[in-house]
Each structure stands twice: as structure tokens, then as C-alpha cells.
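Worksheet: the structure to be examined is printed underneath.
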Amino acid sequence: MAESLPLEMLTYILSFLPLSDQKEASLVSRAWYCAAQNALRESLGLRGISCISLTNLDGSLASHKVLQSVAYHLGPHLQSLCLGGGSPTEASFVALILGCPTLRILDLSGCNSLFTSGMLLAQPETAQSVRQALSGLRELSLAGLRDLADLSFNRLSSCAPSLERLSLAYCHLTFELSLVRGSIGSQDASPSQFSFHNLLRFVKERAGRLHALDLSGTGLPPEALQALGQVAGLHLQELSLHNCRDLSTEAVATLCRQQPGLTSLDLSGCSELTDGALLAVSRGLRHLRHLGLGKLQRLTDVGCTALGALRELQSLNMAECCLVSGRELAQTLGSVHGSPPHLTSLSLAYCSSLKSHLELEHRASDLKDPCPEPQGPSLLMLQALQELDLTACSKLTDASLAKVLQFPQLRQLSLSLLPALTDMGLVAVARGCPSLERLALSHCSHLSDEGWAQAASSWPRLQHLNLSSCSQLTEQTLDAIRQACRQLRVLDVAMCPGINMAAVRHFQAQLPQVSCIQSRFVGGADLTLTL
């Protein structure tokens, strides 16, 4: 029946599909192919688009046509391009880049097909043309490329002379420590391996311009980090070392002395680090704004005392620091003179030892007081806070949450997996955090319709709400949310046995602006049969 539709009507129908689905539709028949191409041209013909993400493209003719259309319609104005996870051909990639002369950001993470042969940009004429097109490129992501080698990296990086930010996260780097500090000639570039000494040479050549580097998951050893940090003329502002498990506390201390201008440092997952690393960071990086300490299993309350020295800190990630109880953290971040005045994001997710010390000396225990005043060190001092993650902090109670969660500017909050959270705590949080736009409460089994009947009216700005696996909620909660949260866009009620599909459909009919509702296994579906 679809074959009998006029081309214009079929084009109109396909225009509502995302690009990936349009590509699949184009394979149905010749008529669908023509309609998909027309829909693509119309969607790409929109003016003002400077950023586009084309993930999971392959080497098919349809994908090639997509890239051609992007280059033709958007290329002259495109500033940011993401091809992450795709498998485009080298020829399609080069043609696309030549059509995008104003690119500033290029993401090729996971695009292994471009580097498998080792011949990308091997032709001097092609490399010269690409260099002209990428002359203004500032940011390049090559994360997750298993086939990246010295030669292919050198060819591509030489085409981006203005590069300032580089991600090599989870690339397979090889380390020959005897060569870390040696003089390496161009003849040593490997066609099959990506070596640290080749990367070090690149950093030395670009030291004056390069200011952001992501080496997460590369297995960087302490000696290599020291060699990077001491490169003459290198003044890094951002450095990510996530999951570099071999790094030592001494290596981090040396880095802080070598690169005192760092404003962003991610040490999450560097499991050998101790409290001494945080002490070194606080002493050496006084202008730090973003700090990642997640999954540091050896970090204790003693290390938290150093955070008060980071007066410019804006975001702090301490997720899964299982030895942090919260007492010293509250003492440091919550004191009148010690709290970072600009801290907007704090993650304490999965800190299993975190207790009600968050409020410390706070004496206002009356849950009816909507604006209690702290009488001592308290996280209430962090009044600039906009994002807070307390997921799976299982020792927190209604009383401690009611005392701590009094942030009128808070936009994003996660209280998922809190077994002690009840309606009383929910209502207290609603009163204390009226500006929430994103709220996660999944697996909070004690929440009920009565709690939401009282809390929903406090969150008129709510846009994203996760209530998955809240076993006591029914369609009455959906009604309360529908009436009070008129700006809602995304709702997750998956695995809520008290909510059925009829209630979900009614909710969506009443709030058509809700673009996504996750409702799998609602109504008490038998998962053993469904799966």
C-alpha cells in the first residue's frame, strides 16, 4: 500500500524519522529510496545548523549519500561534526571533510574503519587538501580507536595545526619506558602500533597550543605522566586520567608541581591513589574548577579536609568513594570560610559509608521548617549548588535529607536506590528544592501516591523524572504529576507494577509535549516470561 502513495506524501512521512531510520527505510524499495533522499535533503536544507551527530553510519551506498548531503547542504557552515561509532569508508570521510572548511570540533571516536588499513591520508595531495579544510580545527576526539597507529595519527594530526584539545581515551598506547625521555626520530613512527614516545613527540611539538588532553583508560604509568608533565612550554588546563590504574600518589604530586595551571583534573578510577593525592592537588592546583575522584577506594575522610583549599571549585565527583563517611566533607565544604562559593555540582553516588554527618552540627530537626538555618558546618552553605547526586547512599534517612536538601537553586537531583526514603522525606525535599528540572527516584519502594499528591505541586519546572521500580505508585501519581508538572518532557515508570499501559496512554494524551515515556514491564508483567 505504501508503494502506491505519491512521492511527496511518502517524503513527508519519512521526514519525521531520525536519520538512522531514514537510512533503513531507503533500503525497502526504489520509491522509498527516493523519498528518503528527498526527506534528507529537506531536513538538511534548514539554515543555521552548525553542529551535527551522525553515529553508526556504515560503508553502504545509503550512508555515503547521507555524508554527501551533509557536505553539500551543511558543510560550508558546519562547526562541529560527530561520526562516533560509525564505519564510514575512507573516501566518504575525506569527501565529507573537504566539504566542511569551517570545522572546529571533530569526533571520530570508535570509527575504527578509517584506521584499519593504515592508509588514511597516505596520499600527499589528499593530505594537503584535508589540511586546508581542517586548518581551523580546535578539538579532535580519537577515543576508543583500537587500530590507531603512529603513522595514521601523525598524518591526521598534521592536518590540524591549530589543535588545542585532544582525546585519546581508551586507545591502545604502548609504552617503552627506555624511550620516554629519549630523542625520537620520525623514522621510528610505527605503522601498526600507537606508541607513547610518538605521542610525547607530538605534545612537544604542540606544547604552546595544546591545553586539554584526555588519556583515560590508556594504562598510563607514573613515568609516562612525569614525562608529559615536564614538557617545556606545556601549560595544560584540562587533563583526564580516568581509569589509569597504575598511577601513584607520588606521580600525581609531581604532576601538580609541573602543571599548576590545571583547572580540570579527572582522577576517577585511579585505584592506587590515597589521601596524599588529594592533599597534593589542594596544595598545587589552587585554580582547579573541576575535580573527579570517583572510585578512589583508598580515599578517606582525612583526604576530604584538603578540599577547603580549592576555593574556585565548581564541580566535584566523589562517587563510589566507599570509605568517605561525610563528616570531614561536611566540616570542610560546609564551613562558613571553607566552602567553595562557586560549587555547582556534587556527586556522592554509591558512597556506601555516607551517613547523616552531612548536616553535622545542624540542629534544626523540625521537618516543618522549610528554611532551617545551619548552626554549624553544613552542606546548606553550598547555596550555589545546582546538581546533586546521592544515588545509593543507603544510610541516609528522611531526617538527614530534610536537613540537608534546602537548595532553592538546585536543578538536578538523584535520590535513587535510597531504601529509607519515604513520603515524609519526599515532601521535605519538594519544599526545600522547588527549582528542580531533573529528578531521579528509581527503586524507592516506600514512596506512595500520598507523597506525590503533596510533593508534585512544588515542582512546576520538572522536565525529566525517573520513577522506575517504585512498586507502590499507581495511576494516581501520574494524575498528580500531569496536573502539576506541565513542563515535563521525559518520564520513566518502567517496572512499576501499580501503573498499567492504559494509564500511561492517558497520561501521554493529556500531556502531548512529553516526548519520551519509558513504560516497559509496567502493570506487574511477569519478567520471567517476557524475557
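We label chains A, B, ... in the order they appear in the C-alpha cells, count residues from 1 in each chain, and number ligands from 1 in the order shown.
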- Item | Test item: residues at most 7 Å from Leu348 of chain A, only C-alpha atoms, excluding those fewer than 3 positions along its chain, as a PyMOL selection string | chain A and resi 317-319+351+389-390
Write out as a compact mmCIF listing (two decimals) with N, CA and C atoms, in the first residue's frame the residues lying within 8 Å of Arg431 of chain A, counting only C-alpha atoms and excluding same-chain residues fewer than 4 positions away.
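Generated output (selection-v1.txt):
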# COMPACT_ATOMS: atom_id res chain seq x y z
N PRO A 370 10.58 25.08 56.62
CA PRO A 370 11.02 24.98 55.22
C PRO A 370 12.40 25.56 54.97
N GLN A 406 18.11 21.76 51.21
CA GLN A 406 17.46 23.06 51.22
C GLN A 406 18.20 23.96 50.23
N VAL A 427 8.33 14.90 50.57
CA VAL A 427 7.66 16.19 50.75
C VAL A 427 8.66 17.24 51.25
N ALA A 455 3.75 16.43 47.04
CA ALA A 455 5.02 16.95 46.54
C ALA A 455 4.94 17.53 45.14
N SER A 458 5.04 21.29 44.09
CA SER A 458 6.25 22.08 44.37
C SER A 458 7.22 22.08 43.20
- Item | Ala71 of chain A surroundings by only C-alpha atoms, 7 Å radius, close-in-sequence under 3 positions cut, as a PyMOL selection string | chain A and resi 67-68+74-75+96+99-100
Residue neighbourhood Asp150 of chain A, 8 Å, only C-alpha atoms, exclusion window fewer than 5 positions, as a tab-separated table (two decimals) with N, CA, C and O atoms, in the first residue's frame:
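Dumped to selection_3.tsv:
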chain	number	residue	atom	x	y	z
A	189	ALA	N	58.33	6.13	13.74
A	189	ALA	CA	56.87	6.04	13.76
A	189	ALA	C	56.43	4.68	13.26
A	189	ALA	O	56.83	4.22	12.19
A	190	SER	N	55.59	4.01	14.06
A	190	SER	CA	55.16	2.65	13.74
A	190	SER	C	53.90	2.65	12.89
A	190	SER	O	52.97	3.43	13.14
A	191	PRO	N	53.83	1.76	11.89
A	191	PRO	CA	52.62	1.65	11.07
A	191	PRO	C	51.55	0.77	11.72
A	191	PRO	O	50.42	0.70	11.22
A	192	SER	N	51.89	0.11	12.82
A	192	SER	CA	50.95	-0.85	13.40
A	192	SER	C	50.65	-0.61	14.87
A	192	SER	O	49.70	-1.18	15.41
A	193	GLN	N	51.45	0.21	15.56
A	193	GLN	CA	51.24	0.47	16.97
A	193	GLN	C	51.20	1.96	17.25
A	193	GLN	O	51.79	2.76	16.51
A	194	PHE	N	50.48	2.31	18.31
A	194	PHE	CA	50.43	3.71	18.74
A	194	PHE	C	51.28	3.80	20.01
A	194	PHE	O	50.89	3.33	21.07
A	195	SER	N	52.43	4.39	19.88
A	195	SER	CA	53.40	4.39	20.98
A	195	SER	C	53.37	5.69	21.77
A	195	SER	O	53.07	6.76	21.24
A	198	ASN	N	55.77	8.40	20.50
A	198	ASN	CA	55.26	9.18	19.37
A	198	ASN	C	54.29	10.26	19.84
A	198	ASN	O	54.32	11.40	19.36
- Message: Write out as a list in words the set of residues from segment 65-187 of chain A that DSSP, computed on the backbone, places in strand (DSSP E).
- Response: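 DSSP on the backbone gives strand (DSSP E) at Ser80, Leu81, Cys82, Ile105, Leu106, Asp107, Glu139, Leu140, Ser141, Arg165, Leu166, Ser167, Leu173 and Thr174 of chain A.
Here atom CA of Cys270 of chain A is placed at a distance of 22.8 Å from atom CA of Val203 of chain A.
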